[in-house]
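Asks: If it helps, the file is called start.cif and holds mmCIF, C-alpha atoms:
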data_model
loop_
_atom_site.group_PDB
_atom_site.id
_atom_site.type_symbol
_atom_site.label_atom_id
_atom_site.label_comp_id
_atom_site.auth_asym_id
_atom_site.auth_seq_id
_atom_site.Cartn_x
_atom_site.Cartn_y
_atom_site.Cartn_z
ATOM 1 C CA MET A 1 0.000 0.000 0.000
ATOM 2 C CA LEU A 2 2.808 2.373 0.903
ATOM 3 C CA GLU A 3 4.588 1.647 -2.381
ATOM 4 C CA VAL A 4 1.429 2.425 -4.336
ATOM 5 C CA ILE A 5 1.148 5.793 -2.611
ATOM 6 C CA ARG A 6 4.817 6.541 -3.281
ATOM 7 C CA SER A 7 4.424 5.660 -6.967
ATOM 8 C CA PHE A 8 1.348 7.911 -7.246
ATOM 9 C CA LEU A 9 3.136 10.867 -5.648
ATOM 10 C CA GLN A 10 6.182 10.344 -7.839
ATOM 11 C CA ALA A 11 4.110 10.132 -11.020
ATOM 12 C CA GLN A 12 1.742 13.010 -10.335
ATOM 13 C CA PHE A 13 3.865 15.542 -8.438
ATOM 14 C CA GLN A 14 7.449 14.490 -9.182
ATOM 15 C CA LEU A 15 8.294 14.404 -5.478
ATOM 16 C CA SER A 16 11.569 13.062 -4.210
ATOM 17 C CA VAL A 17 11.687 10.167 -1.772
ATOM 18 C CA GLU A 18 12.615 12.554 1.059
ATOM 19 C CA SER A 19 9.652 14.841 0.317
ATOM 20 C CA GLN A 20 7.355 11.848 0.131
ATOM 21 C CA ASP A 21 8.501 10.685 3.563
ATOM 22 C CA LYS A 22 7.891 14.154 5.025
ATOM 23 C CA LEU A 23 4.460 14.356 3.434
ATOM 24 C CA LEU A 24 3.417 10.928 4.700
ATOM 25 C CA THR A 25 4.754 11.664 8.174
ATOM 26 C CA THR A 26 2.844 14.952 8.229
ATOM 27 C CA PHE A 27 -0.353 13.176 7.218
ATOM 28 C CA LEU A 28 0.206 10.577 9.940
ATOM 29 C CA ILE A 29 0.700 13.306 12.575
ATOM 30 C CA LEU A 30 -2.501 15.054 11.481
ATOM 31 C CA LEU A 31 -4.401 11.786 11.659
ATOM 32 C CA ILE A 32 -3.078 11.110 15.161
ATOM 33 C CA MET A 33 -4.036 14.664 16.207
ATOM 34 C CA VAL A 34 -7.611 14.197 15.003
ATOM 35 C CA VAL A 35 -7.997 10.847 16.768
ATOM 36 C CA LEU A 36 -6.337 12.090 19.952
ATOM 37 C CA ARG A 37 -8.569 15.197 20.024
ATOM 38 C CA TRP A 38 -11.684 13.091 19.495
ATOM 39 C CA VAL A 39 -10.752 10.722 22.339
ATOM 40 C CA THR A 40 -9.839 13.592 24.653
ATOM 41 C CA LEU A 41 -13.050 15.528 23.994
ATOM 42 C CA ARG A 42 -15.122 12.395 24.484
ATOM 43 C CA TYR A 43 -13.513 11.810 27.876
ATOM 44 C CA VAL A 44 -13.858 15.476 28.889
ATOM 45 C CA ASN A 45 -17.530 15.590 27.877
ATOM 46 C CA ASN A 46 -18.291 12.560 30.038
ATOM 47 C CA ARG A 47 -16.157 13.729 32.941
ATOM 48 C CA PHE A 48 -17.421 17.333 33.260
ATOM 49 C CA LEU A 49 -20.953 17.029 31.927
ATOM 50 C CA GLU A 50 -22.441 18.673 35.054
ATOM 51 C CA ASP A 51 -20.004 21.614 35.111
ATOM 52 C CA PRO A 52 -20.279 23.764 31.934
ATOM 53 C CA ARG A 53 -17.419 26.109 32.846
ATOM 54 C CA ALA A 54 -14.979 23.294 33.634
ATOM 55 C CA LEU A 55 -16.091 21.507 30.461
ATOM 56 C CA TYR A 56 -15.390 24.615 28.394
ATOM 57 C CA ASN A 57 -11.943 25.164 29.960
ATOM 58 C CA TRP A 58 -10.870 21.545 29.493
ATOM 59 C CA ARG A 59 -12.080 21.461 25.881
ATOM 60 C CA LYS A 60 -10.138 24.619 25.069
ATOM 61 C CA ALA A 61 -6.983 23.541 26.926
ATOM 62 C CA SER A 62 -6.877 20.093 25.349
ATOM 63 C CA THR A 63 -7.498 21.467 21.846
ATOM 64 C CA TYR A 64 -4.776 24.129 22.125
ATOM 65 C CA THR A 65 -2.308 21.620 23.563
ATOM 66 C CA ILE A 66 -2.836 19.074 20.779
ATOM 67 C CA TYR A 67 -2.633 21.699 18.039
ATOM 68 C CA THR A 68 0.511 23.251 19.520
ATOM 69 C CA ILE A 69 2.327 19.914 19.764
ATOM 70 C CA GLY A 70 1.247 19.015 16.229
ATOM 71 C CA ALA A 71 2.461 22.342 14.834
ATOM 72 C CA ILE A 72 5.857 21.900 16.514
ATOM 73 C CA LEU A 73 6.272 18.329 15.239
ATOM 74 C CA ILE A 74 5.291 19.230 11.680
ATOM 75 C CA GLY A 75 7.535 22.279 11.740
ATOM 76 C CA ARG A 76 10.521 20.195 12.811
ATOM 77 C CA ILE A 77 9.842 17.738 9.979
ATOM 78 C CA TRP A 78 9.830 20.330 7.224
ATOM 79 C CA LEU A 79 12.579 22.418 8.816
ATOM 80 C CA ALA A 80 14.842 19.592 9.897
ATOM 81 C CA GLY A 81 17.862 21.879 9.961
ATOM 82 C CA LEU A 82 16.321 24.009 12.684
ATOM 83 C CA GLN A 83 16.687 22.086 15.923
ATOM 84 C CA SER A 84 15.439 24.908 18.074
ATOM 85 C CA VAL A 85 11.716 25.451 18.226
ATOM 86 C CA MET A 86 12.299 29.067 19.202
ATOM 87 C CA THR A 87 14.353 29.628 16.055
ATOM 88 C CA TYR A 88 11.562 28.132 13.980
ATOM 89 C CA LEU A 89 8.963 30.354 15.608
ATOM 90 C CA GLY A 90 11.233 33.394 15.294
ATOM 91 C CA ILE A 91 11.689 32.975 11.556
ATOM 92 C CA LEU A 92 7.963 32.404 11.094
ATOM 93 C CA SER A 93 7.112 35.498 13.140
ATOM 94 C CA ALA A 94 9.569 37.733 11.310
ATOM 95 C CA GLY A 95 8.149 36.765 7.937
ATOM 96 C CA LEU A 96 4.547 37.477 8.906
ATOM 97 C CA ALA A 97 4.979 40.441 11.261
ATOM 98 C CA ILE A 98 4.349 43.130 8.665
ATOM 99 C CA ALA A 99 1.737 41.387 6.533
ATOM 100 C CA LEU A 100 -0.278 40.059 9.485
ATOM 101 C CA GLN A 101 0.173 42.775 12.070
ATOM 102 C CA ASP A 102 -3.410 42.747 13.405
ATOM 103 C CA PRO A 103 -3.699 38.938 13.682
ATOM 104 C CA ILE A 104 -0.367 38.835 15.511
ATOM 105 C CA VAL A 105 -1.525 41.542 17.940
ATOM 106 C CA ASN A 106 -4.716 39.539 18.507
ATOM 107 C CA LEU A 107 -2.673 36.386 19.137
ATOM 108 C CA VAL A 108 -0.505 38.208 21.675
ATOM 109 C CA GLY A 109 -3.706 39.582 23.182
ATOM 110 C CA TRP A 110 -4.969 36.019 23.574
ATOM 111 C CA LEU A 111 -1.759 35.086 25.421
ATOM 112 C CA PHE A 112 -2.273 38.100 27.687
ATOM 113 C CA ILE A 113 -5.900 37.140 28.375
ATOM 114 C CA VAL A 114 -5.195 33.483 29.201
ATOM 115 C CA THR A 115 -2.126 34.250 31.358
ATOM 116 C CA ARG A 116 -3.029 37.488 33.154
ATOM 117 C CA ARG A 117 -6.766 36.631 33.177
ATOM 118 C CA PRO A 118 -8.322 40.119 33.125
ATOM 119 C CA PHE A 119 -11.513 38.141 32.491
ATOM 120 C CA THR A 120 -12.563 34.529 32.032
ATOM 121 C CA VAL A 121 -15.530 32.754 30.493
ATOM 122 C CA GLY A 122 -18.646 33.561 32.506
ATOM 123 C CA ASP A 123 -17.457 36.989 33.709
ATOM 124 C CA ARG A 124 -19.576 40.070 33.066
ATOM 125 C CA ILE A 125 -17.405 42.827 31.585
ATOM 126 C CA GLU A 126 -17.712 46.242 29.996
ATOM 127 C CA VAL A 127 -15.484 47.238 27.073
ATOM 128 C CA ASP A 128 -15.815 50.732 25.673
ATOM 129 C CA GLU A 129 -19.595 51.249 25.260
ATOM 130 C CA TYR A 130 -20.385 47.531 25.165
ATOM 131 C CA SER A 131 -21.224 45.215 28.072
ATOM 132 C CA GLY A 132 -21.889 41.507 28.226
ATOM 133 C CA ASP A 133 -21.099 38.078 29.609
ATOM 134 C CA VAL A 134 -17.988 36.385 28.212
ATOM 135 C CA ILE A 135 -19.079 33.187 26.455
ATOM 136 C CA ASP A 136 -15.973 32.277 24.442
ATOM 137 C CA ILE A 137 -12.251 33.100 24.187
ATOM 138 C CA ARG A 138 -10.414 32.092 21.011
ATOM 139 C CA LEU A 139 -7.003 32.693 19.492
ATOM 140 C CA PHE A 140 -7.977 35.884 17.686
ATOM 141 C CA GLN A 141 -11.201 37.056 19.295
ATOM 142 C CA PHE A 142 -13.508 36.684 22.276
ATOM 143 C CA SER A 143 -17.296 36.760 22.314
ATOM 144 C CA LEU A 144 -19.804 38.483 24.595
ATOM 145 C CA LEU A 145 -23.501 37.846 25.112
ATOM 146 C CA GLU A 146 -24.574 41.495 25.039
ATOM 147 C CA ILE A 147 -26.469 43.116 27.896
ATOM 148 C CA GLY A 148 -28.086 46.555 27.959
ATOM 149 C CA THR A 149 -27.578 48.924 24.983
ATOM 150 C CA ARG A 150 -30.817 48.045 23.161
ATOM 151 C CA ILE A 151 -32.558 47.223 26.440
ATOM 152 C CA ASP A 152 -32.835 49.723 29.284
ATOM 153 C CA ALA A 153 -31.519 47.266 31.860
ATOM 154 C CA GLU A 154 -28.528 45.028 32.456
ATOM 155 C CA GLN A 155 -30.136 41.984 30.856
ATOM 156 C CA SER A 156 -29.310 39.998 27.748
ATOM 157 C CA THR A 157 -30.300 41.461 24.377
ATOM 158 C CA GLY A 158 -29.777 38.126 22.621
ATOM 159 C CA ARG A 159 -26.973 39.479 20.425
ATOM 160 C CA VAL A 160 -23.445 38.017 20.423
ATOM 161 C CA LEU A 161 -20.591 40.538 20.128
ATOM 162 C CA HIS A 162 -17.233 39.430 18.695
ATOM 163 C CA MET A 163 -14.211 41.504 19.698
ATOM 164 C CA PRO A 164 -10.567 41.129 18.651
ATOM 165 C CA ASN A 165 -8.204 40.108 21.434
ATOM 166 C CA GLY A 166 -5.944 43.049 20.601
ATOM 167 C CA ILE A 167 -8.506 45.361 22.168
ATOM 168 C CA ALA A 168 -7.130 44.248 25.542
ATOM 169 C CA PHE A 169 -4.156 46.581 24.922
ATOM 170 C CA LYS A 170 -6.220 49.545 23.702
ATOM 171 C CA LYS A 171 -9.364 49.811 25.836
ATOM 172 C CA VAL A 172 -10.218 49.921 29.511
ATOM 173 C CA PHE A 173 -12.020 46.825 30.812
ATOM 174 C CA ALA A 174 -14.525 46.874 33.661
ATOM 175 C CA ASN A 175 -15.003 43.439 35.200
ATOM 176 C CA PHE A 176 -18.191 43.005 37.256
ATOM 177 C CA SER A 177 -17.296 39.485 38.418
ATOM 178 C CA GLN A 178 -13.632 39.708 39.369
ATOM 179 C CA GLY A 179 -12.377 40.265 42.887
ATOM 180 C CA LEU A 180 -15.583 40.050 44.918
ATOM 181 C CA PRO A 181 -18.843 38.412 43.838
ATOM 182 C CA PHE A 182 -20.857 41.584 44.542
ATOM 183 C CA ILE A 183 -21.114 45.115 43.200
ATOM 184 C CA TRP A 184 -22.621 48.216 44.790
ATOM 185 C CA ASN A 185 -25.967 49.272 43.350
ATOM 186 C CA GLU A 186 -27.967 52.424 44.039
ATOM 187 C CA VAL A 187 -31.709 53.095 43.694
ATOM 188 C CA PRO A 188 -32.608 56.831 43.764
ATOM 189 C CA ILE A 189 -36.016 57.851 45.135
ATOM 190 C CA LEU A 190 -37.014 61.510 44.752
ATOM 191 C CA VAL A 191 -39.774 62.913 47.006
ATOM 192 C CA THR A 192 -41.247 66.411 46.977
ATOM 193 C CA PHE A 193 -40.130 69.136 49.373
ATOM 194 C CA GLU A 194 -43.640 69.116 50.872
ATOM 195 C CA SER A 195 -43.341 65.425 51.789
ATOM 196 C CA ASP A 196 -42.239 64.211 55.195
ATOM 197 C CA TRP A 197 -38.794 63.160 54.022
ATOM 198 C CA GLU A 198 -37.765 61.776 57.420
ATOM 199 C CA LYS A 199 -40.731 59.383 57.372
ATOM 200 C CA ALA A 200 -39.878 58.483 53.760
ATOM 201 C CA LYS A 201 -36.271 57.742 54.710
ATOM 202 C CA ALA A 202 -37.346 55.561 57.640
ATOM 203 C CA ILE A 203 -39.641 53.585 55.311
ATOM 204 C CA LEU A 204 -36.834 53.142 52.759
ATOM 205 C CA VAL A 205 -34.441 51.907 55.450
ATOM 206 C CA ASP A 206 -37.000 49.329 56.511
ATOM 207 C CA VAL A 207 -37.640 48.294 52.886
ATOM 208 C CA ILE A 208 -33.979 47.804 51.996
ATOM 209 C CA ASN A 209 -33.239 45.911 55.217
ATOM 210 C CA ASN A 210 -36.056 43.491 54.432
ATOM 211 C CA HIS A 211 -35.588 43.131 50.663
ATOM 212 C CA ALA A 212 -31.871 43.606 49.972
ATOM 213 C CA PRO A 213 -30.158 40.480 48.568
ATOM 214 C CA PRO A 214 -28.451 38.522 51.354
ATOM 215 C CA VAL A 215 -24.711 39.058 51.741
ATOM 216 C CA ASP A 216 -22.787 36.674 53.970
ATOM 217 C CA GLN A 217 -20.023 38.715 55.608
ATOM 218 C CA LYS A 218 -18.022 35.597 56.449
ATOM 219 C CA GLN A 219 -18.181 34.440 52.833
ATOM 220 C CA LEU A 220 -17.152 37.899 51.668
ATOM 221 C CA LYS A 221 -14.073 37.916 53.911
ATOM 222 C CA GLN A 222 -13.087 34.408 52.781
ATOM 223 C CA ARG A 223 -13.371 35.549 49.169
ATOM 224 C CA GLN A 224 -11.148 38.530 49.958
ATOM 225 C CA ILE A 225 -8.515 36.249 51.482
ATOM 226 C CA ARG A 226 -8.618 33.773 48.557
ATOM 227 C CA GLY A 227 -8.431 36.499 45.943
ATOM 228 C CA MET A 228 -5.317 38.254 47.261
ATOM 229 C CA ARG A 229 -4.517 39.360 43.705
ATOM 230 C CA PHE A 230 -6.476 42.552 44.444
ATOM 231 C CA VAL A 231 -6.568 44.591 47.629
ATOM 232 C CA ILE A 232 -10.325 45.034 48.161
ATOM 233 C CA SER A 233 -11.727 45.736 51.594
ATOM 234 C CA TYR A 234 -15.163 46.946 52.682
ATOM 235 C CA SER A 235 -15.565 48.070 56.287
ATOM 236 C CA LYS A 236 -19.341 48.384 55.921
ATOM 237 C CA ILE A 237 -21.475 46.151 53.720
ATOM 238 C CA THR A 238 -24.912 46.740 55.231
ATOM 239 C CA PRO A 239 -27.511 48.590 53.110
ATOM 240 C CA THR A 240 -27.946 52.275 53.760
ATOM 241 C CA VAL A 241 -29.933 55.308 52.583
ATOM 242 C CA TYR A 242 -28.340 58.680 51.783
ATOM 243 C CA THR A 243 -30.085 62.070 51.716
ATOM 244 C CA THR A 244 -29.410 64.791 49.139
ATOM 245 C CA ILE A 245 -31.210 68.032 48.287
ATOM 246 C CA GLU A 246 -31.964 68.330 44.579
ATOM 247 C CA SER A 247 -33.655 71.053 42.552
ATOM 248 C CA SER A 248 -36.899 69.054 42.265
ATOM 249 C CA GLY A 249 -37.081 67.600 45.771
ATOM 250 C CA VAL A 250 -35.290 65.532 48.384
ATOM 251 C CA LEU A 251 -33.301 62.663 46.884
ATOM 252 C CA LEU A 252 -33.098 59.506 49.005
ATOM 253 C CA THR A 253 -30.565 57.068 47.547
ATOM 254 C CA ILE A 254 -30.648 53.410 48.571
ATOM 255 C CA ARG A 255 -27.231 51.718 48.394
ATOM 256 C CA TYR A 256 -26.714 47.962 48.747
ATOM 257 C CA LEU A 257 -24.581 45.035 47.548
ATOM 258 C CA VAL A 258 -25.877 42.685 44.864
ATOM 259 C CA GLN A 259 -24.536 40.085 42.471
ATOM 260 C CA PRO A 260 -24.159 41.591 38.965
ATOM 261 C CA LYS A 261 -26.614 39.224 37.283
ATOM 262 C CA GLU A 262 -29.279 39.797 39.960
ATOM 263 C CA LYS A 263 -29.294 43.591 39.721
ATOM 264 C CA ARG A 264 -32.538 44.055 37.776
ATOM 265 C CA ASP A 265 -34.500 41.504 39.802
ATOM 266 C CA SER A 266 -33.434 43.162 43.038
ATOM 267 C CA GLU A 267 -34.407 46.614 41.743
ATOM 268 C CA GLN A 268 -37.862 45.356 40.786
ATOM 269 C CA ILE A 269 -38.438 43.854 44.229
ATOM 270 C CA ILE A 270 -37.293 47.041 45.957
ATOM 271 C CA HIS A 271 -39.357 49.378 43.749
ATOM 272 C CA GLU A 272 -42.530 47.339 44.235
ATOM 273 C CA ALA A 273 -41.981 47.270 48.007
ATOM 274 C CA ILE A 274 -41.538 51.062 48.034
ATOM 275 C CA LEU A 275 -44.740 51.619 46.056
ATOM 276 C CA ARG A 276 -46.694 49.460 48.482
ATOM 277 C CA ALA A 277 -45.084 51.139 51.523
ATOM 278 C CA PHE A 278 -45.744 54.720 50.300
ATOM 279 C CA ALA A 279 -49.353 54.081 49.197
ATOM 280 C CA PRO A 280 -51.083 54.518 52.648
ATOM 281 C CA HIS A 281 -49.276 57.801 53.437
ATOM 282 C CA GLU A 282 -50.858 60.976 52.083
ATOM 283 C CA ASP A 283 -47.910 63.081 53.200
ATOM 284 C CA LEU A 284 -45.480 61.222 50.913
ATOM 285 C CA ASP A 285 -45.353 62.106 47.223
ATOM 286 C CA PHE A 286 -42.863 61.193 44.523
ATOM 287 C CA ALA A 287 -41.306 64.185 42.785
ATOM 288 C CA TYR A 288 -41.175 64.465 39.022
ATOM 289 C CA GLU A 289 -40.388 67.084 36.419
ATOM 290 C CA THR A 290 -43.231 69.592 36.173
ATOM 291 C CA GLN A 291 -43.994 73.325 36.079
ATOM 292 C CA ARG A 292 -46.240 75.258 38.417
ATOM 293 C CA GLU A 293 -47.095 78.774 39.515
ATOM 294 C CA TYR A 294 -45.636 79.467 42.942
ATOM 295 C CA ILE A 295 -47.212 82.290 45.007
ATOM 296 C CA HIS A 296 -45.612 82.855 48.406
ATOM 297 C CA PHE A 297 -48.504 84.380 50.347
ATOM 298 C CA LYS A 298 -51.004 81.793 49.122
ATOM 299 C CA GLU A 299 -48.779 78.959 50.288
ATOM 300 C CA LYS A 300 -48.139 80.824 53.570
ATOM 301 C CA LYS A 301 -44.386 80.948 53.136
ATOM 302 C CA ARG A 302 -44.247 84.608 54.271
ATOM 303 C CA VAL A 303 -46.507 87.558 54.988
ATOM 304 C CA PRO A 304 -47.288 89.507 51.802
ATOM 305 C CA ILE A 305 -46.028 93.079 51.680
ATOM 306 C CA ALA A 306 -48.576 95.636 50.481
ATOM 307 C CA PRO A 307 -47.335 97.829 47.636
ATOM 308 C CA PRO A 308 -46.786 101.517 48.516
ATOM 309 C CA GLU A 309 -49.542 103.934 47.593
ATOM 310 C CA TYR A 310 -48.741 106.444 44.918
ATOM 311 C CA SER A 311 -50.555 108.478 42.316
ATOM 312 C CA VAL A 312 -49.931 108.546 38.656
ATOM 313 C CA PHE A 313 -50.730 112.246 38.587
ATOM 314 C CA PRO A 314 -49.272 114.025 41.612
ATOM 315 C CA ASP A 315 -51.213 116.870 43.215
ATOM 316 C CA GLU A 316 -50.553 120.181 41.658
#
Take the structure in this file and express it as structure tokens.
Replies:
Amino acid sequence: MLEVIRSFLQAQFQLSVESQDKLLTTFLILLIMVVLRWVTLRYVNNRFLEDPRALYNWRKASTYTIYTIGAILIGRIWLAGLQSVMTYLGILSAGLAIALQDPIVNLVGWLFIVTRRPFTVGDRIEVDEYSGDVIDIRLFQFSLLEIGTRIDAEQSTGRVLHMPNGIAFKKVFANFSQGLPFIWNEVPILVTFESDWEKAKAILVDVINNHAPPVDQKQLKQRQIRGMRFVISYSKITPTVYTTIESSGVLLTIRYLVQPKEKRDSEQIIHEAILRAFAPHEDLDFAYETQREYIHFKEKKRVPIAPPEYSVFPDE
């Protein structure tokens, strides 16, 4: 069988015996790579079926490892005079650096992402004006399941955004999931100046204490100790309400910790609780943008001053 293949290659392509051996060896390596990848992925799928993130990481790691070893072996076959893999990679890089500048930057960006880990699959990040959950990281690009933008909330839009890895060197990343599992969220409530703002604040404090997402302080401290890559420390993690005077009323801002992907659900629960809590009180009104005629003496803000008496035509 081997002799038949050699005769065919010699007759059709005029290949030397040495080139035929290299070609056949290359084909054998590729065949072994395909079989080895199939066996590895089959094992990984059965082993990590219940853990999607671990399954994804193992599939990616095994695929990259097999392809890298195959590329090195094939390169050494066709460049037998180059015993150093680094020399082989250096010559290849120099030849493609100018023609493939962007792909090379993206490849280096991939190395930066997988080694420094500014984000991983499953993290919620913001890049430039786009936000989303990381669903895939490849050699030249990563993919986000978009949130917000088209929807006025931090929930999925259904669109998948593909970004080049080189953007990691050009843009600022905001990672919602790295460091601690919670982010600070604020819910502003604006009441009129005529409302009893102290009663409103007391109601809001009661609402947020009863409806804020639970935060285990012990778990938070353990997470801080495990993730010593960043120095993050919160001395106070309990919900609170801040008071500010605005042009349209008194602004009461609720501040609390929440997991990034639970932000909208928590806001809905809190807003509905506030509406139910304010409903029985006639001295509590939400403020909103409007225009009105404001007369001091009618609203008893101060005693009106009578205008001085004078005559248009003075006595002659």
Asks: Run the PyMOL selection byres ((chain A and resi 260-266) around 10) on the file and write out the hits as a ChimeraX atom specification.
Replies: /A:123-124,133,153-156,176-177,181-186,211-213,257-259,267-271
Asks: Take the PyMOL selection byres ((chain A and resi 142) around 12), apply it to the structure above, and return the hits as a PyMOL selection string.
Replies: chain A and resi 106-107+109-110+113-114+119-122+125+127+132-141+143-145+160-168
Asks: State, in Å with one decimal place, the distance from CA of Asn209 (chain A) to CA of Leu251 (chain A).
Replies: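 Atom-to-atom, CA of Asn209 (chain A) and CA of Leu251 (chain A) are spaced 18.7 Å apart.
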Asks: For a quick check of your reading of the model, name the residues lying within 10 Å of the coordinate (-29.2, 62.2, 46.6), counting all atoms listed in the file, and write them as a list in words.
Replies: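 Collected hits near the coordinates: Val187, Pro188, Ile189, Leu190, Val241, Tyr242, Thr243, Thr244, Ile245, Glu246, Gly249, Val250, Leu251, Leu252, Thr253 and Ile254 of chain A.
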Asks: May I have the residues within 12 Å of region 26-28 of chain A as a list in words, using all atoms listed in the file and disregarding those fewer than 2 positions away in the same chain?
Replies: Ser19, Gln20, Asp21, Lys22, Leu23, Leu24, Leu30, Leu31, Ile32, Met33, Val34, Val35, Gly70, Ala71, Ile72, Leu73, Ile74, Gly75, Arg76, Ile77 and Trp78 of chain A
Asks: I would like the residues chosen by the PyMOL selection byres ((chain A and resi 197-201) around 9) on the shown file; could you give them as a list in words?
Replies: Val191, Thr192, Phe193, Glu194, Ser195, Asp196, Ala202, Ile203, Leu204, Val205, Asp206, Val241, Tyr242, Thr243, Val250, Leu252, Phe278 and Leu284 of chain A
Asks: Given the choices A:Arg37, A:Ala277, A:Phe112, A:Ser247, which gets closest to Thr290 (chain A) if the distance is worked out from only C-alpha atoms?
Replies: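 Checking each of A:Arg37, A:Ala277, A:Phe112, A:Ser247 against Thr290 (chain A), counting only C-alpha atoms, the winner is A:Ser247.
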Asks: To one decimal place in Å, what is the distance between CA of Leu49 (chain A) and CA of Arg117 (chain A)?
Replies: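 One can read the CA of Leu49 (chain A) to CA of Arg117 (chain A) distance as 24.2 Å.
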Asks: Select, from A:Tyr256, A:Glu126, A:Trp58, A:Phe286, the residue with the minimum atom-to-atom distance to Gly148 (chain A), counting all atoms listed in the file.
Replies: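 Comparing A:Tyr256, A:Glu126, A:Trp58, A:Phe286 against Gly148 (chain A), the winner is A:Glu126.
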Asks: Record the distance separating CA of Glu50 (chain A) and CA of Tyr64 (chain A), expressed in Å with one decimal.
Replies: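 Those two atoms sit 22.6 Å apart.
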Asks: Using only C-alpha atoms, which residue out of A:Asp285, A:Lys236, A:Pro118, A:Arg255 lies closest to Val172 (chain A)?
Replies: A:Pro118
